[in-house]
Amino acid sequence: PKGVLGSSDRIRLLGKGRAEVPQQARTLARWDDGSVRWALLDFQTDGQSACTVEYGRDVSRSQPDDPLDIVQSRTGITVATGPIRVEFPKDRAVFPGIVSLRRPDGAYRRITPDKPDPAVALIAGDGERYGSVKPDAVVLEEAGPERACVRVNLTHRGEGGKALFRSTFRVHLFRNSGAVRVFHTFENDRTDEEFTPIRELSLRAGLDVGADPVGRIGRRRIGALKAQPVSLQQTH
């Protein structure tokens, strides 16, 4: 309600037995008096347990003991979730980032090759090849104890630096999770032409995930990836 909540920091989420559920909150819109109108809560759940939201000036929430570890530097951005660490360098495009797995002794084992394939490979209608090289931008869009989002902007370039189309990746990482969620936006920047044909567009993630990797599309387990084809569909 208007005038009730001055900051999204004053929101707490409670689960079974009124135990506090770790979450992060971000204000999306405010009333004309400056109070919070809409807030987005990020938290992990099984999708079946009920939760209660408490808010107000007297409400405070605790921070998790093991939040995301996010480091920004002049060379890139690194996010450690616990099970994995993902690096986003500014000098080259790697999809979905340089991924390392945490070992029982606390050290990390890199599963991205030292010389990975280009993040994006594009073949134009005339057969000319374009690829991703140095990102145009690497930006930390969201940073909290529960979730982080890193945006990587790319221009596909061919021989002689000729450009064709752009890609934007938003990579989401979650506390205490090995999941990497990627949103890819493919932008046609050839506005001077009504149609620009392409033959092929591929995203390459050369990860060493073992001899018999198992995949999942939505809620459907698809078994060993090397034994069957995997297709992706554009939904919007």
# chains A, B, ... in the order shown; residues from 1 in each chain; ligands from 1
>>> select_by_dssp(residues="stretch 9-208 of chain A", states="helix (DSSP H, G or I)", output="PyMOL selection string")
chain A and resi 9-10+16-18+159-161
>>> write_last_selection(atoms="N, CA, C and O atoms", output="PDB file, in the first residue's frame")
ATOM      1  N   ASP A   9      14.496  -3.044   1.491  1.00  0.00           N
ATOM      2  CA  ASP A   9      15.287  -3.727   2.515  1.00  0.00           C
ATOM      3  C   ASP A   9      14.423  -4.145   3.698  1.00  0.00           C
ATOM      4  O   ASP A   9      14.840  -4.990   4.508  1.00  0.00           O
ATOM      5  N   ARG A  10      13.226  -3.553   3.791  1.00  0.00           N
ATOM      6  CA  ARG A  10      12.325  -3.851   4.900  1.00  0.00           C
ATOM      7  C   ARG A  10      11.291  -4.915   4.518  1.00  0.00           C
ATOM      8  O   ARG A  10      10.122  -4.827   4.912  1.00  0.00           O
ATOM      9  N   LYS A  16       8.202 -22.460   6.277  1.00  0.00           N
ATOM     10  CA  LYS A  16       7.615 -23.390   7.241  1.00  0.00           C
ATOM     11  C   LYS A  16       8.151 -23.112   8.642  1.00  0.00           C
ATOM     12  O   LYS A  16       9.347 -22.912   8.834  1.00  0.00           O
ATOM     13  N   GLY A  17       7.233 -23.096   9.609  1.00  0.00           N
ATOM     14  CA  GLY A  17       7.623 -22.827  10.984  1.00  0.00           C
ATOM     15  C   GLY A  17       8.126 -21.424  11.207  1.00  0.00           C
ATOM     16  O   GLY A  17       8.848 -21.164  12.161  1.00  0.00           O
ATOM     17  N   ARG A  18       7.766 -20.513  10.315  1.00  0.00           N
ATOM     18  CA  ARG A  18       8.175 -19.113  10.346  1.00  0.00           C
ATOM     19  C   ARG A  18       9.701 -18.959  10.281  1.00  0.00           C
ATOM     20  O   ARG A  18      10.266 -17.975  10.760  1.00  0.00           O
ATOM     21  N   GLU A 159      35.909 -11.112 -41.761  1.00  0.00           N
ATOM     22  CA  GLU A 159      37.217 -10.731 -42.279  1.00  0.00           C
ATOM     23  C   GLU A 159      37.292  -9.221 -42.491  1.00  0.00           C
ATOM     24  O   GLU A 159      36.355  -8.603 -43.013  1.00  0.00           O
ATOM     25  N   GLY A 160      38.406  -8.634 -42.052  1.00  0.00           N
ATOM     26  CA  GLY A 160      38.571  -7.195 -42.199  1.00  0.00           C
ATOM     27  C   GLY A 160      37.778  -6.371 -41.212  1.00  0.00           C
ATOM     28  O   GLY A 160      37.666  -5.159 -41.363  1.00  0.00           O
ATOM     29  N   GLY A 161      37.200  -7.015 -40.186  1.00  0.00           N
ATOM     30  CA  GLY A 161      36.447  -6.292 -39.174  1.00  0.00           C
ATOM     31  C   GLY A 161      35.020  -5.978 -39.554  1.00  0.00           C
ATOM     32  O   GLY A 161      34.319  -5.255 -38.831  1.00  0.00           O
TER      33      GLY A 161
END
>>> closest_atom_pairs(of="stretch 35-87 of chain A", to="stretch 168-180 of chain A", cutoff="9 Å", atoms="only C-alpha atoms", output="Markdown table")
| residue | atom | partner | partner_atom | distance |
| --- | --- | --- | --- | --- |
| A:Gln44 | CA | A:Phe174 | CA | 8.7 |
| A:Asp66 | CA | A:Arg175 | CA | 7.8 |
| A:Pro67 | CA | A:Arg175 | CA | 6.3 |
| A:Leu68 | CA | A:Arg175 | CA | 5.5 |
| A:Asp69 | CA | A:Arg175 | CA | 8.9 |
| A:Val79 | CA | A:Leu173 | CA | 7.7 |
| A:Ala80 | CA | A:Arg175 | CA | 8.2 |
| A:Thr81 | CA | A:Arg175 | CA | 4.8 |
| A:Gly82 | CA | A:Asn176 | CA | 5.0 |
| A:Pro83 | CA | A:Gly178 | CA | 5.5 |
| A:Ile84 | CA | A:Gly178 | CA | 5.6 |
| A:Arg85 | CA | A:Gly178 | CA | 8.8 |
| A:Val86 | CA | A:Leu173 | CA | 8.6 |
>>> residues_around(residues="A:Ala121", least_positions_apart="5", cutoff="12 Å", atoms="only C-alpha atoms", output="list in words")
Ala93, Val94, Phe95, Glu128, Arg129, Tyr130, Gly131, Ser132, Val133, Leu154, Thr155, His156, Arg157, Gly158, Leu164, Phe165, Arg166, Ser167, Ile198, Arg199, Glu200, Leu201, Ser202, Leu203, Arg204 and Ala205 of chain A
>>> write_last_selection(atoms="N, CA, C and O atoms", output="CSV table (one decimal), in the first residue's frame")
chain,number,residue,atom,x,y,z
A,93,ALA,N,35.4,-13.1,-25.7
A,93,ALA,CA,34.0,-13.6,-25.5
A,93,ALA,C,34.1,-15.1,-25.3
A,93,ALA,O,34.5,-15.9,-26.2
A,94,VAL,N,33.6,-15.6,-24.1
A,94,VAL,CA,33.6,-17.0,-23.8
A,94,VAL,C,32.1,-17.3,-23.3
A,94,VAL,O,31.6,-16.7,-22.4
A,95,PHE,N,31.5,-18.3,-23.9
A,95,PHE,CA,30.2,-18.7,-23.6
A,95,PHE,C,30.1,-20.0,-22.7
A,95,PHE,O,30.7,-20.9,-23.1
A,128,GLU,N,29.7,-16.0,-46.0
A,128,GLU,CA,30.8,-15.3,-45.3
A,128,GLU,C,30.6,-15.6,-43.8
A,128,GLU,O,29.5,-15.6,-43.2
A,129,ARG,N,31.7,-15.9,-43.1
A,129,ARG,CA,31.7,-16.3,-41.7
A,129,ARG,C,32.0,-15.1,-40.8
A,129,ARG,O,32.9,-14.3,-41.0
A,130,TYR,N,31.3,-15.1,-39.7
A,130,TYR,CA,31.4,-14.1,-38.7
A,130,TYR,C,31.5,-14.7,-37.3
A,130,TYR,O,31.0,-15.8,-37.1
A,131,GLY,N,32.3,-14.1,-36.4
A,131,GLY,CA,32.4,-14.7,-35.1
A,131,GLY,C,32.5,-13.6,-34.0
A,131,GLY,O,32.5,-12.4,-34.3
A,132,SER,N,32.5,-14.0,-32.8
A,132,SER,CA,32.6,-13.1,-31.6
A,132,SER,C,34.1,-13.0,-31.2
A,132,SER,O,34.8,-14.0,-31.1
A,133,VAL,N,34.5,-11.8,-30.9
A,133,VAL,CA,35.9,-11.6,-30.5
A,133,VAL,C,35.8,-10.9,-29.1
A,133,VAL,O,35.4,-11.5,-28.2
A,154,LEU,N,28.0,-8.3,-27.6
A,154,LEU,CA,28.9,-8.7,-28.7
A,154,LEU,C,28.5,-8.2,-30.0
A,154,LEU,O,27.3,-8.1,-30.3
A,155,THR,N,29.5,-7.9,-30.8
A,155,THR,CA,29.2,-7.6,-32.3
A,155,THR,C,29.9,-8.7,-33.0
A,155,THR,O,31.1,-9.0,-32.8
A,156,HIS,N,29.2,-9.4,-34.0
A,156,HIS,CA,29.8,-10.5,-34.8
A,156,HIS,C,30.6,-9.8,-35.9
A,156,HIS,O,30.1,-9.0,-36.7
A,157,ARG,N,31.9,-10.2,-36.0
A,157,ARG,CA,32.8,-9.6,-37.0
A,157,ARG,C,33.4,-10.7,-37.9
A,157,ARG,O,33.7,-11.8,-37.5
A,158,GLY,N,33.5,-10.3,-39.2
A,158,GLY,CA,34.1,-11.2,-40.2
A,158,GLY,C,35.5,-10.7,-40.6
A,158,GLY,O,36.1,-9.9,-39.9
A,164,LEU,N,28.3,-7.9,-38.6
A,164,LEU,CA,26.9,-8.4,-39.0
A,164,LEU,C,26.2,-8.9,-37.7
A,164,LEU,O,26.6,-9.8,-37.1
A,165,PHE,N,25.2,-8.2,-37.3
A,165,PHE,CA,24.3,-8.5,-36.2
A,165,PHE,C,25.0,-8.4,-34.9
A,165,PHE,O,26.3,-8.3,-34.8
A,166,ARG,N,24.3,-8.4,-33.8
A,166,ARG,CA,24.8,-8.3,-32.5
A,166,ARG,C,24.1,-9.3,-31.6
A,166,ARG,O,23.0,-9.7,-31.8
A,167,SER,N,24.8,-9.7,-30.5
A,167,SER,CA,24.3,-10.6,-29.5
A,167,SER,C,24.4,-10.0,-28.1
A,167,SER,O,25.4,-9.3,-27.8
A,198,ILE,N,20.6,-15.4,-43.3
A,198,ILE,CA,21.7,-16.1,-42.6
A,198,ILE,C,21.5,-17.6,-42.8
A,198,ILE,O,20.4,-18.1,-42.9
A,199,ARG,N,22.6,-18.3,-42.9
A,199,ARG,CA,22.6,-19.8,-43.1
A,199,ARG,C,22.6,-20.5,-41.7
A,199,ARG,O,22.0,-21.5,-41.5
A,200,GLU,N,23.4,-19.9,-40.8
A,200,GLU,CA,23.6,-20.6,-39.6
A,200,GLU,C,24.0,-19.7,-38.4
A,200,GLU,O,24.8,-18.7,-38.7
A,201,LEU,N,23.5,-20.0,-37.2
A,201,LEU,CA,23.9,-19.3,-36.0
A,201,LEU,C,24.1,-20.3,-35.0
A,201,LEU,O,23.2,-21.1,-34.7
A,202,SER,N,25.3,-20.4,-34.4
A,202,SER,CA,25.5,-21.4,-33.3
A,202,SER,C,26.2,-20.7,-32.1
A,202,SER,O,27.0,-19.8,-32.2
A,203,LEU,N,25.9,-21.2,-30.9
A,203,LEU,CA,26.5,-20.8,-29.7
A,203,LEU,C,27.3,-22.0,-29.2
A,203,LEU,O,26.9,-23.1,-29.2
A,204,ARG,N,28.6,-21.7,-28.8
A,204,ARG,CA,29.5,-22.8,-28.5
A,204,ARG,C,30.0,-22.7,-27.0
A,204,ARG,O,30.5,-21.7,-26.6
A,205,ALA,N,29.7,-23.7,-26.3
A,205,ALA,CA,30.2,-23.8,-24.9
A,205,ALA,C,31.0,-25.1,-24.8
A,205,ALA,O,30.5,-26.2,-24.6
>>> atom_distance(atom1="atom CA of A:Gly6", atom2="atom CA of A:Gly56")
7.9 Å
>>> atom_distance(atom1="atom CA of A:Cys149", atom2="atom CA of A:Pro96")
12.0 Å
>>> residues_around(residues="A:Thr52", least_positions_apart="5", cutoff="7 Å", atoms="only C-alpha atoms", output="list in words")
Leu13, Leu14 and Gly15 of chain A
>>> atom_distance(atom1="atom CA of A:Tyr108", atom2="atom CA of A:Gly76")
18.1 Å
>>> select_by_dssp(residues="stretch 23-157 of chain A", states="strand (DSSP E)", output="VMD selection string")
chain A and resid 23 to 30 36 to 43 52 to 55 69 to 73 76 to 80 84 to 89 98 to 102 108 to 110 120 to 124 129 to 132 137 to 143 147 to 157
